file structure_25.csv (CSV, C-alpha atoms)
chain,number,residue,atom,x,y,z
A,1,MET,CA,-10.7,9.3,24.2
A,2,ARG,CA,-11.5,8.0,20.8
A,3,GLY,CA,-12.2,11.6,19.6
A,4,VAL,CA,-8.7,12.7,20.6
A,5,ALA,CA,-7.2,9.7,18.8
A,6,ASP,CA,-9.2,10.6,15.7
A,7,LEU,CA,-8.0,14.2,15.8
A,8,HIS,CA,-4.5,13.1,16.4
A,9,ALA,CA,-4.6,10.6,13.4
A,10,PHE,CA,-6.3,13.1,11.1
A,11,GLY,CA,-3.9,15.9,11.9
A,12,GLY,CA,-0.9,13.6,11.6
A,13,LEU,CA,-2.0,12.3,8.2
A,14,CYS,CA,-2.6,15.9,7.0
A,15,LEU,CA,0.9,16.9,8.2
A,16,LEU,CA,2.5,13.8,6.6
A,17,LEU,CA,0.7,14.5,3.3
A,18,ALA,CA,2.0,18.1,3.3
A,19,VAL,CA,5.5,16.9,4.1
A,20,ALA,CA,5.3,14.3,1.3
A,21,PHE,CA,4.4,17.0,-1.2
A,22,ARG,CA,7.2,19.2,0.0
A,23,ILE,CA,9.8,16.4,-0.2
A,24,ALA,CA,8.6,15.5,-3.7
A,25,SER,CA,8.9,19.1,-4.8
A,26,VAL,CA,12.7,19.0,-4.2
A,27,ARG,CA,14.4,18.6,-7.5
A,28,ARG,CA,16.5,15.6,-6.6
A,29,LEU,CA,13.5,13.8,-5.1
A,30,ALA,CA,11.0,14.6,-7.9
A,31,TRP,CA,10.9,11.0,-8.9
A,32,VAL,CA,9.1,10.1,-5.7
A,33,SER,CA,5.3,10.2,-5.9
A,34,PRO,CA,3.8,12.2,-3.1
A,35,PRO,CA,0.9,9.8,-2.4
A,36,VAL,CA,3.3,6.8,-2.2
A,37,LEU,CA,5.7,8.8,0.0
A,38,ALA,CA,2.8,9.8,2.3
A,39,LEU,CA,1.7,6.2,2.5
A,40,GLY,CA,5.3,5.1,3.4
A,41,LEU,CA,5.6,7.9,6.0
A,42,THR,CA,2.3,6.9,7.5
A,43,VAL,CA,3.3,3.3,7.9
A,44,LEU,CA,6.6,4.3,9.4
A,45,PHE,CA,4.9,6.7,11.9
A,46,VAL,CA,2.2,4.2,12.9
A,47,ASN,CA,4.9,1.5,13.5
A,48,VAL,CA,7.0,3.8,15.7
A,49,GLY,CA,4.0,4.9,17.7
A,50,ALA,CA,3.9,8.5,16.5
A,51,LEU,CA,0.4,8.0,15.1
A,52,PRO,CA,-2.4,6.0,16.7
A,53,ASP,CA,-2.9,2.4,15.7
A,54,PRO,CA,-5.6,1.9,13.0
A,55,SER,CA,-7.6,-0.2,15.5
A,56,GLN,CA,-7.9,2.8,17.9
A,57,THR,CA,-9.4,5.3,15.4
A,58,ALA,CA,-12.0,5.5,12.7
A,59,VAL,CA,-10.0,7.9,10.5
A,60,TYR,CA,-8.2,5.1,8.7
A,61,ASP,CA,-11.5,3.3,8.0
A,62,SER,CA,-13.0,6.4,6.3
A,63,LEU,CA,-9.9,6.9,4.2
A,64,SER,CA,-9.7,3.3,3.0
A,65,GLY,CA,-12.9,3.5,1.1
A,66,ALA,CA,-13.6,6.0,-1.6
A,67,THR,CA,-10.6,8.2,-0.7
A,68,LEU,CA,-8.2,5.3,-1.5
A,69,SER,CA,-9.9,4.6,-4.8
A,70,ALA,CA,-9.7,8.2,-5.8
A,71,ALA,CA,-6.0,8.3,-4.8
A,72,VAL,CA,-5.3,5.2,-7.0
A,73,PHE,CA,-7.1,6.8,-9.9
A,74,LEU,CA,-5.1,10.0,-9.5
A,75,LEU,CA,-1.8,8.0,-9.4
A,76,LEU,CA,-2.8,6.2,-12.6
A,77,LEU,CA,-3.3,9.5,-14.3
A,78,GLN,CA,0.4,10.3,-13.8
A,79,VAL,CA,1.6,7.1,-15.5
A,80,ASP,CA,3.6,7.6,-18.6
A,81,ARG,CA,1.9,5.4,-21.1
A,82,ARG,CA,4.7,5.5,-23.7
A,83,VAL,CA,7.1,3.9,-21.2
A,84,ILE,CA,4.6,1.2,-20.3
A,85,LEU,CA,3.9,0.4,-24.0
A,86,SER,CA,7.7,0.3,-24.8
A,87,ALA,CA,8.4,-2.0,-21.8
A,88,GLY,CA,5.1,-3.9,-22.1
A,89,SER,CA,6.4,-7.3,-23.1
A,90,THR,CA,9.2,-7.3,-20.5
A,91,MET,CA,6.9,-6.2,-17.7
A,92,LEU,CA,4.2,-8.7,-18.8
A,93,LEU,CA,6.8,-11.5,-18.7
A,94,ALA,CA,8.0,-10.4,-15.2
A,95,PHE,CA,4.5,-10.2,-14.0
A,96,THR,CA,3.7,-13.6,-15.4
A,97,VAL,CA,6.8,-15.2,-13.8
A,98,GLY,CA,6.0,-13.6,-10.5
A,99,SER,CA,2.3,-14.7,-10.6
A,100,VAL,CA,3.2,-18.3,-11.5
A,101,GLY,CA,5.8,-18.3,-8.7
A,102,VAL,CA,3.3,-17.1,-6.1
A,103,PHE,CA,0.7,-19.6,-7.4
A,104,PHE,CA,3.0,-22.6,-7.0
A,105,GLY,CA,4.4,-21.3,-3.7
A,106,VAL,CA,0.9,-21.0,-2.2
A,107,LEU,CA,0.0,-24.4,-3.7
A,108,SER,CA,3.1,-26.1,-2.2
A,109,VAL,CA,2.6,-24.6,1.2
A,110,GLY,CA,-1.1,-25.5,1.1
A,111,LEU,CA,-0.3,-29.2,0.3
A,112,MET,CA,2.1,-29.5,3.2
A,113,PRO,CA,0.9,-31.8,5.9
A,114,GLY,CA,-0.5,-30.1,9.0
A,115,VAL,CA,-0.7,-26.6,7.5
A,116,ALA,CA,-4.5,-26.4,7.4
A,117,GLU,CA,-4.7,-27.4,11.1
A,118,GLN,CA,-2.1,-24.8,12.1
A,119,ILE,CA,-3.8,-22.0,10.3
A,120,GLY,CA,-7.4,-22.9,11.3
A,121,GLU,CA,-10.8,-22.8,9.7
A,122,GLU,CA,-9.9,-19.7,7.7
A,123,TYR,CA,-7.3,-21.7,5.8
A,124,ALA,CA,-9.1,-21.6,2.4
A,125,ALA,CA,-9.8,-17.9,2.6
A,126,ILE,CA,-6.2,-17.1,3.4
A,127,ALA,CA,-4.9,-19.3,0.6
A,128,ALA,CA,-7.4,-17.7,-1.8
A,129,MET,CA,-6.1,-14.2,-1.1
A,130,TYR,CA,-2.7,-15.1,-2.5

call {"tool": "encode", "arguments": {"input": "structure_25.csv", "output": "structure tokens"}}
result
Amino acid sequence: MRGVADLHAFGGLCLLLAVAFRIASVRRLAWVSPPVLALGLTVLFVNVGALPDPSQTAVYDSLSGATLSAAVFLLLLQVDRRVILSAGSTMLLAFTVGSVGVFFGVLSVGLMPGVAEQIGEEYAAIAAMY
């Protein structure tokens, strides 16, 4: 059955990618990036059960490696550098405030009594991810 799930997932992902590029080609929706739209549609379709769960198929594993890295690279090529440079200090300030907030949030939750016992032995690894 795994081969059928793989085929279903691969075909569904190809169809969602085509739909995402078609939606992004509409003039009013041109601001939407097709890869981001395809990712959002995939998440939606997996959550409603129209696509197989990632644990049931190997297609998602193969796409999350080099394919995902290439997609991020292609997304970065579409970035308007002039806009980033003009808004650089504002974005840097927002990023810094967000990073400091996340740091203190994780630190405060980590220091709460009993949290380490509730999360288990992977407590330090989970805290380190944030």

call {"tool": "atom_distance", "arguments": {"input": "structure_25.csv", "atom1": "CA of Leu16 (chain A)", "atom2": "CA of Asp53 (chain A)"}}
result
15.6 Å

call {"tool": "closest_residue", "arguments": {"input": "structure_25.csv", "among": "A:Val109, A:Leu15, A:Leu76, A:Leu7", "to": "Val59 (chain A)", "atoms": "all atoms listed in the file"}}
result
A:Leu7

call {"tool": "residues_around", "arguments": {"input": "structure_25.csv", "residues": "Leu13 (chain A)", "least_positions_apart": "4", "cutoff": "7 Å", "atoms": "all atoms listed in the file", "output": "list of chain:residue names"}}
result
A:Ala9, A:Leu17, A:Thr42

call {"tool": "residues_around", "arguments": {"input": "structure_25.csv", "residues": "Ala20 (chain A)", "least_positions_apart": "2", "cutoff": "12 Å", "atoms": "all atoms listed in the file", "output": "list in words"}}
result
Leu13, Cys14, Leu15, Leu16, Leu17, Ala18, Arg22, Ile23, Ala24, Ser25, Val26, Leu29, Ala30, Val32, Ser33, Pro34, Pro35, Val36, Leu37, Ala38, Leu39, Gly40, Leu41 and Thr42 of chain A

call {"tool": "closest_residue", "arguments": {"input": "structure_25.csv", "among": "A:Gly105, A:Leu93, A:Gly110, A:Ala5", "to": "Ala58 (chain A)", "atoms": "all atoms listed in the file"}}
result
A:Ala5

call {"tool": "closest_residue", "arguments": {"input": "structure_25.csv", "among": "A:Asp6, A:Phe73, A:Ser89, A:Ala125", "to": "Thr57 (chain A)", "atoms": "only C-alpha atoms"}}
result
A:Asp6

call {"tool": "atom_distance", "arguments": {"input": "structure_25.csv", "atom1": "CA of Val106 (chain A)", "atom2": "CA of Tyr123 (chain A)"}}
result
11.5 Å

call {"tool": "atom_distance", "arguments": {"input": "structure_25.csv", "atom1": "CA of Gln78 (chain A)", "atom2": "CA of Gly98 (chain A)"}}
result
24.8 Å

call {"tool": "residues_around", "arguments": {"input": "structure_25.csv", "residues": "Leu63 (chain A)", "least_positions_apart": "6", "cutoff": "10 Å", "atoms": "only C-alpha atoms", "output": "ChimeraX atom specification"}}
result
/A:10,69,71

call {"tool": "write_last_selection", "arguments": {"input": "structure_25.csv", "atoms": "C-alpha atoms", "output": "mmCIF file, in the coordinates of the input"}}
result
data_model
loop_
_atom_site.group_PDB
_atom_site.id
_atom_site.type_symbol
_atom_site.label_atom_id
_atom_site.label_comp_id
_atom_site.auth_asym_id
_atom_site.auth_seq_id
_atom_site.Cartn_x
_atom_site.Cartn_y
_atom_site.Cartn_z
ATOM 1 C CA PHE A 10 -6.300 13.100 11.100
ATOM 2 C CA SER A 69 -9.900 4.600 -4.800
ATOM 3 C CA ALA A 71 -6.000 8.300 -4.800
#

call {"tool": "decode", "arguments": {"input": "structure_25.csv", "residues": "region 27-52 of chain A", "atoms": "N, CA, C and O atoms", "output": "compact mmCIF listing (two decimals), in the first residue's frame"}}
result
# COMPACT_ATOMS: atom_id res chain seq x y z
N ARG A 27 -3.57 38.37 -12.10
CA ARG A 27 -3.02 39.70 -11.84
C ARG A 27 -3.23 40.16 -10.39
O ARG A 27 -2.34 40.71 -9.77
N ARG A 28 -4.40 39.93 -9.83
CA ARG A 28 -4.67 40.39 -8.47
C ARG A 28 -3.91 39.59 -7.42
O ARG A 28 -3.75 40.04 -6.30
N LEU A 29 -3.49 38.40 -7.78
CA LEU A 29 -2.81 37.54 -6.82
C LEU A 29 -1.32 37.39 -7.13
O LEU A 29 -0.67 36.48 -6.63
N ALA A 30 -0.78 38.27 -7.95
CA ALA A 30 0.62 38.16 -8.36
C ALA A 30 1.59 38.37 -7.20
O ALA A 30 2.75 37.97 -7.29
N TRP A 31 1.14 38.96 -6.12
CA TRP A 31 2.01 39.19 -4.97
C TRP A 31 2.28 37.90 -4.18
O TRP A 31 3.18 37.86 -3.36
N VAL A 32 1.50 36.86 -4.46
CA VAL A 32 1.68 35.59 -3.76
C VAL A 32 2.76 34.78 -4.47
O VAL A 32 2.69 34.57 -5.67
N SER A 33 3.74 34.34 -3.72
CA SER A 33 4.81 33.53 -4.30
C SER A 33 4.31 32.10 -4.51
O SER A 33 3.77 31.50 -3.58
N PRO A 34 4.47 31.55 -5.70
CA PRO A 34 3.97 30.19 -5.96
C PRO A 34 4.51 29.12 -5.01
O PRO A 34 3.73 28.29 -4.54
N PRO A 35 5.82 29.11 -4.66
CA PRO A 35 6.27 28.08 -3.72
C PRO A 35 5.63 28.21 -2.33
O PRO A 35 5.28 27.22 -1.71
N VAL A 36 5.45 29.44 -1.87
CA VAL A 36 4.82 29.65 -0.57
C VAL A 36 3.36 29.22 -0.63
O VAL A 36 2.84 28.58 0.28
N LEU A 37 2.70 29.56 -1.71
CA LEU A 37 1.30 29.16 -1.90
C LEU A 37 1.18 27.64 -1.98
O LEU A 37 0.27 27.05 -1.38
N ALA A 38 2.09 27.00 -2.69
CA ALA A 38 2.07 25.54 -2.78
C ALA A 38 2.29 24.89 -1.42
O ALA A 38 1.64 23.90 -1.07
N LEU A 39 3.18 25.46 -0.63
CA LEU A 39 3.43 24.95 0.72
C LEU A 39 2.18 25.08 1.58
O LEU A 39 1.78 24.15 2.27
N GLY A 40 1.54 26.25 1.52
CA GLY A 40 0.31 26.45 2.29
C GLY A 40 -0.80 25.52 1.86
O GLY A 40 -1.52 24.95 2.70
N LEU A 41 -0.97 25.34 0.55
CA LEU A 41 -1.99 24.41 0.05
C LEU A 41 -1.69 22.98 0.47
O LEU A 41 -2.60 22.22 0.82
N THR A 42 -0.42 22.60 0.45
CA THR A 42 -0.05 21.24 0.87
C THR A 42 -0.38 21.01 2.33
O THR A 42 -0.95 19.98 2.69
N VAL A 43 -0.05 21.97 3.17
CA VAL A 43 -0.37 21.85 4.60
C VAL A 43 -1.88 21.72 4.79
O VAL A 43 -2.36 20.88 5.55
N LEU A 44 -2.63 22.54 4.08
CA LEU A 44 -4.09 22.49 4.17
C LEU A 44 -4.63 21.12 3.72
O LEU A 44 -5.43 20.51 4.43
N PHE A 45 -4.17 20.63 2.60
CA PHE A 45 -4.66 19.37 2.07
C PHE A 45 -4.26 18.17 2.92
O PHE A 45 -5.01 17.21 3.03
N VAL A 46 -3.07 18.22 3.53
CA VAL A 46 -2.67 17.13 4.43
C VAL A 46 -3.53 17.15 5.69
O VAL A 46 -3.98 16.11 6.17
N ASN A 47 -3.82 18.35 6.20
CA ASN A 47 -4.60 18.44 7.43
C ASN A 47 -6.06 18.04 7.25
O ASN A 47 -6.67 17.54 8.19
N VAL A 48 -6.62 18.25 6.06
CA VAL A 48 -8.01 17.83 5.84
C VAL A 48 -8.09 16.39 5.35
O VAL A 48 -9.17 15.86 5.18
N GLY A 49 -6.95 15.75 5.11
CA GLY A 49 -6.93 14.35 4.73
C GLY A 49 -6.97 14.09 3.23
O GLY A 49 -7.10 12.94 2.81
N ALA A 50 -6.85 15.12 2.42
CA ALA A 50 -6.88 14.93 0.96
C ALA A 50 -5.55 14.39 0.44
O ALA A 50 -5.50 13.79 -0.63
N LEU A 51 -4.47 14.62 1.17
CA LEU A 51 -3.15 14.05 0.84
C LEU A 51 -2.73 13.15 1.99
O LEU A 51 -3.09 13.40 3.15
N PRO A 52 -1.93 12.12 1.70
CA PRO A 52 -1.50 11.22 2.77
C PRO A 52 -0.64 11.93 3.81
O PRO A 52 0.06 12.90 3.52
